[in-house]
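Raw run.txt, compact mmCIF, C-alpha atoms:
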# COMPACT_ATOMS: atom_id res chain seq x y z
CA MET V 26 -5.18 1.76 -14.55
CA SER V 27 -6.83 -1.29 -13.03
CA LEU V 28 -10.24 -1.43 -11.48
CA SER V 29 -10.27 -0.23 -7.89
CA CYS V 30 -10.95 -2.81 -5.20
CA ARG V 31 -14.18 -2.39 -3.27
CA SER V 32 -13.63 -5.07 -0.63
CA TYR V 33 -10.56 -6.29 1.24
CA LEU V 34 -11.13 -9.53 3.15
CA PHE V 35 -8.79 -10.49 5.99
CA VAL V 36 -7.92 -14.15 6.53
CA PRO V 37 -5.59 -15.30 9.35
CA GLY V 38 -2.22 -16.37 7.99
CA ASP V 39 -2.04 -19.37 10.29
CA ARG V 40 -5.34 -20.76 8.95
CA PRO V 41 -4.36 -21.81 5.40
CA GLU V 42 -7.41 -24.05 5.20
CA ARG V 43 -9.43 -20.82 4.99
CA PHE V 44 -7.47 -19.24 2.13
CA ALA V 45 -9.46 -20.91 -0.66
CA LYS V 46 -12.79 -19.99 0.94
CA ALA V 47 -11.64 -16.38 1.21
CA ALA V 48 -10.54 -16.39 -2.43
CA ALA V 49 -13.95 -17.76 -3.48
CA SER V 50 -15.90 -15.19 -1.43
CA GLY V 51 -16.08 -12.59 -4.18
CA ALA V 52 -13.76 -10.19 -2.35
CA ASP V 53 -11.82 -7.97 -4.71
CA CYS V 54 -8.72 -8.50 -2.60
CA VAL V 55 -7.87 -11.19 -0.04
CA VAL V 56 -5.49 -10.01 2.68
CA ILE V 57 -3.46 -12.72 4.39
CA ASP V 58 -2.95 -11.38 7.90
CA LEU V 59 0.40 -12.01 9.57
CA GLU V 60 -0.18 -9.39 12.28
CA ASP V 61 -3.12 -9.03 14.68
CA ALA V 62 -4.86 -12.30 13.79
CA VAL V 63 -1.77 -14.42 14.51
CA SER V 64 -0.25 -15.19 17.90
CA PRO V 65 3.53 -14.80 18.34
CA SER V 66 4.00 -18.56 18.47
CA ASN V 67 2.33 -18.96 15.06
CA LYS V 68 4.06 -16.13 13.17
CA LYS V 69 6.50 -18.42 11.35
CA ARG V 70 3.77 -20.86 10.35
CA ALA V 71 1.60 -18.01 9.06
CA ARG V 72 4.47 -16.60 7.02
CA GLU V 73 5.23 -20.00 5.47
CA SER V 74 1.56 -20.59 4.65
CA ALA V 75 1.28 -17.18 2.98
CA CYS V 76 4.45 -17.81 0.98
CA LYS V 77 3.20 -21.19 -0.24
CA TRP V 78 -0.13 -19.71 -1.35
CA LEU V 79 1.53 -16.83 -3.19
CA MET V 80 4.24 -18.98 -4.79
CA GLU V 81 1.50 -21.13 -6.29
CA GLY V 82 0.42 -18.06 -8.25
CA ARG V 83 -2.64 -17.26 -6.17
CA PRO V 84 -3.09 -13.51 -5.71
CA ALA V 85 -3.39 -11.90 -2.29
CA SER V 86 -2.23 -8.91 -0.34
CA VAL V 87 -0.35 -9.43 2.92
CA ARG V 88 -0.63 -7.51 6.17
CA ILE V 89 2.85 -7.69 7.61
CA ASN V 90 4.01 -7.09 11.16
CA GLY V 91 5.19 -3.63 12.06
CA ALA V 92 8.71 -2.31 11.59
CA ASP V 93 9.28 -2.29 15.35
CA THR V 94 8.55 -6.02 15.77
CA PRO V 95 10.96 -8.98 15.58
CA TRP V 96 9.02 -10.45 12.63
CA PHE V 97 9.31 -7.47 10.28
CA ALA V 98 12.49 -8.45 8.42
CA ALA V 99 11.33 -12.02 7.81
CA ASP V 100 7.94 -10.78 6.60
CA LEU V 101 9.63 -8.47 4.08
CA ALA V 102 11.91 -11.22 2.86
CA MET V 103 8.91 -13.50 2.30
CA CYS V 104 6.99 -10.80 0.44
CA ARG V 105 9.97 -10.13 -1.82
CA ARG V 106 10.52 -13.84 -2.51
CA ALA V 107 6.84 -14.53 -3.22
CA GLY V 108 6.32 -11.40 -5.35
CA VAL V 109 3.40 -10.14 -3.30
CA PRO V 110 1.51 -7.45 -5.30
CA SER V 111 0.55 -5.28 -2.33
CA ILE V 112 1.38 -4.95 1.35
CA MET V 113 -0.81 -3.61 4.14
CA VAL V 114 1.38 -1.77 6.60
CA PRO V 115 0.00 -1.69 10.16
CA LYS V 116 0.17 1.33 12.45
CA ALA V 117 1.65 3.47 9.70
CA GLN V 118 3.04 6.72 11.04
CA ARG V 119 6.59 6.99 9.69
CA THR V 120 7.42 7.76 6.07
CA THR V 121 10.81 6.09 6.54
CA ASP V 122 9.12 2.74 7.22
CA LEU V 123 7.09 2.98 4.01
CA LEU V 124 10.14 3.95 1.98
CA CYS V 125 12.06 1.01 3.44
CA ILE V 126 9.29 -1.46 2.57
CA HIS V 127 8.82 -0.12 -0.95
CA LYS V 128 12.57 -0.21 -1.62
CA ALA V 129 12.88 -3.75 -0.26
CA VAL V 130 9.88 -5.31 -1.99
CA GLY V 131 8.62 -2.94 -4.69
CA ALA V 132 4.99 -3.81 -3.99
CA ALA V 133 2.10 -1.35 -3.78
CA LEU V 134 1.62 -0.09 -0.23
CA LEU V 135 -1.59 0.16 1.77
CA PRO V 136 -0.70 2.01 4.99
CA ILE V 137 -3.19 1.45 7.81
CA ILE V 138 -3.83 4.66 9.73
CA GLU V 139 -4.70 3.60 13.28
CA SER V 140 -3.15 6.19 15.59
CA ALA V 141 -3.33 9.91 16.27
CA GLN V 142 0.17 10.28 14.87
CA GLY V 143 -0.86 8.46 11.72
CA VAL V 144 -3.81 10.80 11.17
CA ALA V 145 -1.61 13.85 11.80
CA LEU V 146 0.87 12.66 9.15
CA ALA V 147 -1.67 11.23 6.68
CA ARG V 148 -0.80 13.74 3.96
CA ARG V 149 2.89 12.86 4.14
CA LEU V 150 2.20 9.14 4.21
CA ALA V 151 -0.13 9.38 1.20
CA GLY V 152 2.63 11.03 -0.81
CA VAL V 153 5.27 8.35 -0.27
CA PRO V 154 6.26 6.56 -3.51
CA GLY V 155 4.46 3.25 -3.85
CA VAL V 156 1.48 4.14 -1.69
CA GLN V 157 -1.66 3.02 -3.51
CA ARG V 158 -4.30 4.02 -0.97
CA LEU V 159 -4.70 4.68 2.73
CA VAL V 160 -6.63 2.34 5.04
CA LEU V 161 -8.57 3.38 8.13
CA GLY V 162 -7.79 1.23 11.16
CA SER V 163 -10.93 2.31 12.95
CA VAL V 164 -10.81 -0.03 15.94
CA ASP V 165 -7.26 0.80 17.02
CA LEU V 166 -7.73 4.48 16.19
CA ARG V 167 -10.70 4.71 18.55
CA LEU V 168 -8.60 3.08 21.26
CA ASP V 169 -5.67 5.41 20.68
CA LEU V 170 -7.91 8.49 20.80
CA GLY V 171 -10.03 7.27 23.71
CA ILE V 172 -13.20 7.51 21.62
CA SER V 173 -16.24 5.29 22.14
CA GLY V 174 -19.21 4.76 19.87
CA ASP V 175 -19.54 3.81 16.22
CA ASP V 176 -17.53 5.05 13.26
CA SER V 177 -19.47 8.33 13.15
CA SER V 178 -17.44 9.38 16.18
CA LEU V 179 -14.33 9.19 13.97
CA SER V 180 -15.74 11.29 11.13
CA SER V 181 -13.49 14.31 11.60
CA TYR V 182 -10.41 12.07 11.70
CA SER V 183 -11.40 9.75 8.88
CA GLN V 184 -12.09 12.71 6.59
CA GLU V 185 -8.40 13.58 6.84
CA LEU V 186 -7.66 10.34 4.98
CA VAL V 187 -10.06 11.33 2.20
CA LEU V 188 -8.46 14.76 1.88
CA ALA V 189 -4.91 13.38 2.06
CA SER V 190 -5.67 10.85 -0.66
CA ARG V 191 -7.15 13.45 -2.98
CA LEU V 192 -4.23 15.83 -2.49
CA ALA V 193 -1.74 13.04 -3.20
CA GLY V 194 -3.65 11.88 -6.28
CA ILE V 195 -4.03 8.30 -5.05
CA GLU V 196 -7.11 6.08 -4.84
CA ALA V 197 -9.87 6.87 -2.35
CA PRO V 198 -9.14 5.36 1.07
CA VAL V 199 -10.43 2.09 2.50
CA ALA V 200 -12.95 2.24 5.37
CA GLY V 201 -12.43 0.23 8.54
CA VAL V 202 -14.04 -3.00 9.65
CA THR V 203 -17.57 -3.60 10.89
CA LEU V 204 -17.37 -5.93 13.88
CA GLN V 205 -21.00 -7.13 13.60
CA VAL V 206 -20.42 -10.11 11.33
CA ALA V 207 -23.96 -11.49 11.10
CA ASP V 208 -25.94 -8.22 10.95
CA LEU V 209 -25.63 -7.29 7.29
CA ASP V 210 -27.90 -4.27 7.76
CA VAL V 211 -25.21 -2.76 9.97
CA VAL V 212 -22.54 -3.67 7.42
CA ALA V 213 -24.55 -2.00 4.66
CA HIS V 214 -25.18 1.10 6.77
CA ASP V 215 -21.49 1.47 7.55
CA ALA V 216 -20.49 0.91 3.93
CA ARG V 217 -22.98 3.46 2.57
CA CYS V 218 -21.90 6.07 5.11
CA SER V 219 -18.27 5.50 4.21
CA ARG V 220 -18.95 5.82 0.49
CA ARG V 221 -20.87 9.06 1.00
CA ALA V 222 -17.91 10.36 3.02
CA GLY V 223 -15.51 9.75 0.13
CA PHE V 224 -14.14 6.29 0.85
CA GLY V 225 -13.76 3.90 -2.06
CA ALA V 226 -13.68 0.50 -0.36
CA LYS V 227 -14.05 -1.28 2.96
CA LEU V 228 -12.26 -3.89 5.05
CA CYS V 229 -14.12 -7.15 5.72
CA ILE V 230 -13.49 -9.63 8.50
CA HIS V 231 -15.80 -12.42 7.30
CA PRO V 232 -16.82 -13.74 3.85
CA ALA V 233 -20.47 -13.06 4.73
CA GLN V 234 -19.79 -9.33 4.58
CA VAL V 235 -18.26 -9.28 1.11
CA ASP V 236 -21.33 -9.23 -1.17
CA THR V 237 -22.94 -6.45 0.87
CA VAL V 238 -19.80 -4.33 0.79
CA ASN V 239 -19.31 -4.87 -2.95
CA ALA V 240 -22.89 -3.85 -3.65
CA CYS V 241 -22.65 -0.69 -1.55
CA PHE V 242 -19.49 0.49 -3.30
CA GLN V 243 -20.73 -0.40 -6.77
CA PRO V 244 -22.26 2.55 -8.67
CA SER V 245 -25.95 2.02 -9.37
CA GLN V 246 -27.30 1.68 -12.90
CA ASP V 247 -28.83 5.15 -12.59
CA GLU V 248 -25.48 6.63 -11.55
CA VAL V 249 -23.69 4.99 -14.48
CA ALA V 250 -26.37 6.16 -16.93
CA TRP V 251 -26.10 9.72 -15.57
CA ALA V 252 -22.31 9.65 -15.90
CA ARG V 253 -22.45 8.40 -19.47
CA SER V 254 -24.94 11.13 -20.39
CA VAL V 255 -22.73 13.81 -18.84
CA VAL V 256 -19.60 12.54 -20.60
CA ALA V 257 -21.38 12.34 -23.97
CA ALA V 258 -22.83 15.85 -23.60
CA ALA V 259 -19.45 17.22 -22.51
CA ALA V 260 -17.76 15.72 -25.57
CA ALA V 261 -20.28 17.49 -27.79
CA SER V 262 -20.23 20.82 -25.96
CA GLY V 263 -17.01 22.23 -27.39
CA GLY V 264 -15.38 22.66 -24.00
CA GLY V 265 -17.61 25.06 -22.13
CA ALA V 266 -20.29 24.74 -19.50
CA PHE V 267 -23.68 23.50 -20.67
CA GLN V 268 -27.13 22.61 -19.39
CA MET V 269 -28.47 19.08 -19.05
CA ASP V 270 -31.88 18.25 -17.65
CA GLY V 271 -32.25 21.87 -16.55
CA GLN V 272 -29.03 21.90 -14.52
CA MET V 273 -25.71 23.59 -15.23
CA VAL V 274 -22.82 21.21 -15.94
CA ASP V 275 -19.23 22.42 -15.80
CA ALA V 276 -15.77 20.87 -15.39
CA PRO V 277 -16.16 19.66 -11.78
CA VAL V 278 -19.38 17.81 -12.64
CA VAL V 279 -17.75 16.26 -15.70
CA ASP V 280 -14.80 15.30 -13.51
CA ARG V 281 -17.14 13.47 -11.15
CA ALA V 282 -18.84 11.63 -14.02
CA THR V 283 -15.49 10.72 -15.55
CA ARG V 284 -14.19 9.31 -12.26
CA LEU V 285 -17.31 7.21 -11.82
CA LEU V 286 -16.89 5.67 -15.28
CA MET V 287 -13.18 5.15 -14.67
CA SER V 288 -14.06 3.16 -11.57
CA GLN V 289 -16.13 0.89 -13.82
CA THR V 290 -13.82 0.54 -16.82
CA GLY V 291 -10.36 1.24 -15.41
CA SER V 292 -9.64 3.93 -18.03
CA ARG V 293 -10.75 7.42 -19.00
CA PRO V 294 -13.78 7.48 -21.33
CA VAL V 295 -12.47 7.66 -24.91
CA SER V 296 -14.95 10.39 -25.89
CA LEU V 297 -13.36 12.87 -23.50
CA ILE V 298 -9.87 12.19 -24.83
CA THR V 299 -10.52 12.18 -28.56
CA MET V 300 -13.46 14.55 -28.94
CA ASN V 301 -13.04 17.23 -26.32
CA PRO V 302 -9.51 18.59 -25.70
CA TYR V 303 -10.85 20.88 -22.95
CA PHE V 304 -11.36 17.90 -20.66
CA ARG V 305 -8.05 16.16 -21.34
CA SER V 306 -6.62 17.80 -18.25
CA VAL V 307 -9.43 16.64 -15.94
CA SER V 308 -7.81 14.41 -13.32
Rewrite the coordinates I just gave you, this time as structure tokens.
Amino acid sequence: MSLSCRSYLFVPGDRPERFAKAAASGADCVVIDLEDAVSPSNKKRARESACKWLMEGRPASVRINGADTPWFAADLAMCRRAGVPSIMVPKAQRTTDLLCIHKAVGAALLPIIESAQGVALARRLAGVPGVQRLVLGSVDLRLDLGISGDDSSLSSYSQELVLASRLAGIEAPVAGVTLQVADLDVVAHDARCSRRAGFGAKLCIHPAQVDTVNACFQPSQDEVAWARSVVAAAAASGGGAFQMDGQMVDAPVVDRATRLLMSQTGSRPVSLITMNPYFRSVS
């Protein structure tokens, strides 16, 4: 299991001069955008630029155009040829589209949920083979639902993505963009709220947002120390509930600590596997 991405930075596909800057921003994943950021007249140029970047061995995800657009087939062909590791699928609301993309390319899928229909079918979409994690398309979702205000107005809908992801056993979903590029206090506020709500990462639209987003989704030193203490105590407990610092610790708490350490190391803590059979089934 690889380390989960905390930040996904969009870069317009028809601006290849910006690709290197995006790659150097510290973003865990650069997303070359062939969809919303590119005008119809520049779609071919964007696709060719993305292909060149990927064929040179430089990693990036690609946001393709939707299955109902005239650019879809060419986008898939490029992704297959370039060996793109992951594909962001816009306006995801049909399992058949995801199955088609996965069969054609074999890349990990990041469906963007940005419609009422997408939210309603989130649990089905999360369970499609190849889906790595769901992505909240907050701007378009607000438009589709006729909702104004900040992301808090979407809380009841965005929580469906968190629940769908957990039920499907995939990574925690990715929170939507913050449109205030220069106000990093707003970016931080949005990121912290999303993390508390169960999201595991956030979309970025400018390199200036990346460091703030990474910091907000990175467990603090105190959280890591707590998790290590819980895991060590669990490994020595013989499999039952126990007390630590005056509080009861049982399997769900150990599960939380284990997941936090997994997000840091990319694998389950060895002590739980080798020393405590009771917790081998924690997932």
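If only C-alpha atoms are the atoms counted, then among V:Gln184, V:Leu159, V:Ala276, V:Val206 the closest residue to Ala233 in chain V is V:Val206.
With distances restricted to all atoms listed in the file, V:Val199 is the closest residue to Ile137 in chain V from V:Leu168, V:Leu209, V:Val199, V:Val153.
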**OP:** For Ala52 in chain V, list every protein, DNA or RNA residue within 8 Å, evaluated using all atoms listed in the file, and leave out those in the same chain fewer than 4 positions away; present the list as number ranges by chain.
**Re:** V: 31-34, 47-48, 232, 235-236, 239
Non-local contacts of Lys77 in chain V (12 Å; only C-alpha atoms; under 2 positions in same chain excluded) as a JSON list (two decimals) with C-alpha atoms, in the frame of the given file:
[["chain", "number", "residue", "atom", "x", "y", "z"],
["V", 38, "GLY", "CA", -2.22, -16.37, 7.99],
["V", 39, "ASP", "CA", -2.04, -19.37, 10.29],
["V", 41, "PRO", "CA", -4.36, -21.81, 5.40],
["V", 44, "PHE", "CA", -7.47, -19.24, 2.13],
["V", 57, "ILE", "CA", -3.46, -12.72, 4.39],
["V", 70, "ARG", "CA", 3.77, -20.86, 10.35],
["V", 71, "ALA", "CA", 1.60, -18.01, 9.06],
["V", 72, "ARG", "CA", 4.47, -16.60, 7.02],
["V", 73, "GLU", "CA", 5.23, -20.00, 5.47],
["V", 74, "SER", "CA", 1.56, -20.59, 4.65],
["V", 75, "ALA", "CA", 1.28, -17.18, 2.98],
["V", 79, "LEU", "CA", 1.53, -16.83, -3.19],
["V", 80, "MET", "CA", 4.24, -18.98, -4.79],
["V", 81, "GLU", "CA", 1.50, -21.13, -6.29],
["V", 82, "GLY", "CA", 0.42, -18.06, -8.25],
["V", 83, "ARG", "CA", -2.64, -17.26, -6.17],
["V", 84, "PRO", "CA", -3.09, -13.51, -5.71],
["V", 85, "ALA", "CA", -3.39, -11.90, -2.29],
["V", 103, "MET", "CA", 8.91, -13.50, 2.30],
["V", 104, "CYS", "CA", 6.99, -10.80, 0.44],
["V", 106, "ARG", "CA", 10.52, -13.84, -2.51],
["V", 107, "ALA", "CA", 6.84, -14.53, -3.22],
["V", 108, "GLY", "CA", 6.32, -11.40, -5.35],
["V", 109, "VAL", "CA", 3.40, -10.14, -3.30]]
**OP:** Extract, using all atoms listed in the file, all DNA, RNA and protein residues at most 12 Å from Gly162 in chain V, discarding same-chain residues fewer than 5 positions from it, and format them as a PyMOL selection string.
**Re:** chain V and resi 61+113-117+135-141+143-144+167-169+176+179+182-183+186+198-203+227-229
**OP:** Between CA of Gln272 in chain V and CA of Leu192 in chain V, measure the distance and give it in Å to one decimal.
**Re:**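 Calculated distance between CA of Gln272 in chain V and CA of Leu192 in chain V is 28.2 Å.
The coordinates place CA of Ser178 in chain V at 22.3 Å from CA of Arg158 in chain V.
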Subject >> Contacts of Phe242 in chain V within 8 Å, all atoms listed in the file, excl. fewer than 6 positions in-chain, as a list in words >> reply: Arg31, Ala216, Arg217, Arg220, Gly225 and Ala226 of chain V
Selecting N, CA and C atoms, how would range 101-127 of chain V from this structure be written as an mmCIF file, in the first residue's frame?
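Result written to part.cif:
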data_model
loop_
_atom_site.group_PDB
_atom_site.id
_atom_site.type_symbol
_atom_site.label_atom_id
_atom_site.label_comp_id
_atom_site.auth_asym_id
_atom_site.auth_seq_id
_atom_site.Cartn_x
_atom_site.Cartn_y
_atom_site.Cartn_z
ATOM 1 N N LEU V 101 -8.889 8.667 -23.803
ATOM 2 C CA LEU V 101 -8.605 7.314 -23.316
ATOM 3 C C LEU V 101 -7.423 6.703 -24.060
ATOM 4 N N ALA V 102 -7.402 6.878 -25.358
ATOM 5 C CA ALA V 102 -6.304 6.334 -26.153
ATOM 6 C C ALA V 102 -4.967 6.916 -25.707
ATOM 7 N N MET V 103 -4.940 8.221 -25.428
ATOM 8 C CA MET V 103 -3.712 8.850 -24.962
ATOM 9 C C MET V 103 -3.296 8.294 -23.609
ATOM 10 N N CYS V 104 -4.251 8.165 -22.706
ATOM 11 C CA CYS V 104 -3.935 7.651 -21.371
ATOM 12 C C CYS V 104 -3.384 6.229 -21.445
ATOM 13 N N ARG V 105 -3.958 5.427 -22.300
ATOM 14 C CA ARG V 105 -3.473 4.049 -22.466
ATOM 15 C C ARG V 105 -2.058 4.047 -23.036
ATOM 16 N N ARG V 106 -1.831 4.851 -24.070
ATOM 17 C CA ARG V 106 -0.514 4.908 -24.709
ATOM 18 C C ARG V 106 0.550 5.415 -23.747
ATOM 19 N N ALA V 107 0.228 6.428 -22.952
ATOM 20 C CA ALA V 107 1.206 7.053 -22.064
ATOM 21 C C ALA V 107 1.362 6.317 -20.743
ATOM 22 N N GLY V 108 0.489 5.344 -20.461
ATOM 23 C CA GLY V 108 0.581 4.610 -19.201
ATOM 24 C C GLY V 108 0.268 5.454 -17.987
ATOM 25 N N VAL V 109 -0.754 6.302 -18.100
ATOM 26 C CA VAL V 109 -1.109 7.185 -16.996
ATOM 27 C C VAL V 109 -1.489 6.354 -15.768
ATOM 28 N N PRO V 110 -0.974 6.704 -14.576
ATOM 29 C CA PRO V 110 -1.242 5.885 -13.386
ATOM 30 C C PRO V 110 -2.649 6.037 -12.827
ATOM 31 N N SER V 111 -3.260 7.210 -13.007
ATOM 32 C CA SER V 111 -4.602 7.424 -12.473
ATOM 33 C C SER V 111 -5.349 8.430 -13.332
ATOM 34 N N ILE V 112 -6.656 8.284 -13.360
ATOM 35 C CA ILE V 112 -7.508 9.131 -14.185
ATOM 36 C C ILE V 112 -8.611 9.719 -13.324
ATOM 37 N N MET V 113 -8.762 11.039 -13.357
ATOM 38 C CA MET V 113 -9.909 11.695 -12.750
ATOM 39 C C MET V 113 -11.042 11.729 -13.769
ATOM 40 N N VAL V 114 -12.176 11.215 -13.337
ATOM 41 C CA VAL V 114 -13.324 11.084 -14.229
ATOM 42 C C VAL V 114 -14.361 12.139 -13.857
ATOM 43 N N PRO V 115 -14.604 13.125 -14.724
ATOM 44 C CA PRO V 115 -15.535 14.204 -14.370
ATOM 45 C C PRO V 115 -16.985 13.747 -14.414
ATOM 46 N N LYS V 116 -17.801 14.432 -13.597
ATOM 47 C CA LYS V 116 -19.247 14.224 -13.609
ATOM 48 C C LYS V 116 -19.621 12.747 -13.569
ATOM 49 N N ALA V 117 -18.951 12.022 -12.685
ATOM 50 C CA ALA V 117 -19.172 10.580 -12.580
ATOM 51 C C ALA V 117 -20.558 10.293 -12.015
ATOM 52 N N GLN V 118 -21.335 9.527 -12.751
ATOM 53 C CA GLN V 118 -22.655 9.132 -12.276
ATOM 54 C C GLN V 118 -23.157 7.861 -12.941
ATOM 55 N N ARG V 119 -22.275 7.203 -13.728
ATOM 56 C CA ARG V 119 -22.644 5.931 -14.344
ATOM 57 C C ARG V 119 -21.534 4.920 -14.106
ATOM 58 N N THR V 120 -21.886 3.791 -13.521
ATOM 59 C CA THR V 120 -20.883 2.742 -13.291
ATOM 60 C C THR V 120 -20.344 2.206 -14.609
ATOM 61 N N THR V 121 -21.169 2.200 -15.646
ATOM 62 C CA THR V 121 -20.722 1.676 -16.943
ATOM 63 C C THR V 121 -19.562 2.501 -17.509
ATOM 64 N N ASP V 122 -19.599 3.810 -17.297
ATOM 65 C CA ASP V 122 -18.500 4.659 -17.765
ATOM 66 C C ASP V 122 -17.194 4.285 -17.063
ATOM 67 N N LEU V 123 -17.257 4.094 -15.750
ATOM 68 C CA LEU V 123 -16.055 3.750 -14.992
ATOM 69 C C LEU V 123 -15.517 2.388 -15.414
ATOM 70 N N LEU V 124 -16.400 1.435 -15.618
ATOM 71 C CA LEU V 124 -15.973 0.111 -16.059
ATOM 72 C C LEU V 124 -15.305 0.181 -17.427
ATOM 73 N N CYS V 125 -15.873 0.995 -18.307
ATOM 74 C CA CYS V 125 -15.302 1.166 -19.648
ATOM 75 C C CYS V 125 -13.898 1.747 -19.569
ATOM 76 N N ILE V 126 -13.717 2.775 -18.750
ATOM 77 C CA ILE V 126 -12.414 3.433 -18.632
ATOM 78 C C ILE V 126 -11.384 2.478 -18.031
ATOM 79 N N HIS V 127 -11.783 1.780 -16.980
ATOM 80 C CA HIS V 127 -10.848 0.866 -16.323
ATOM 81 C C HIS V 127 -10.445 -0.264 -17.264
#
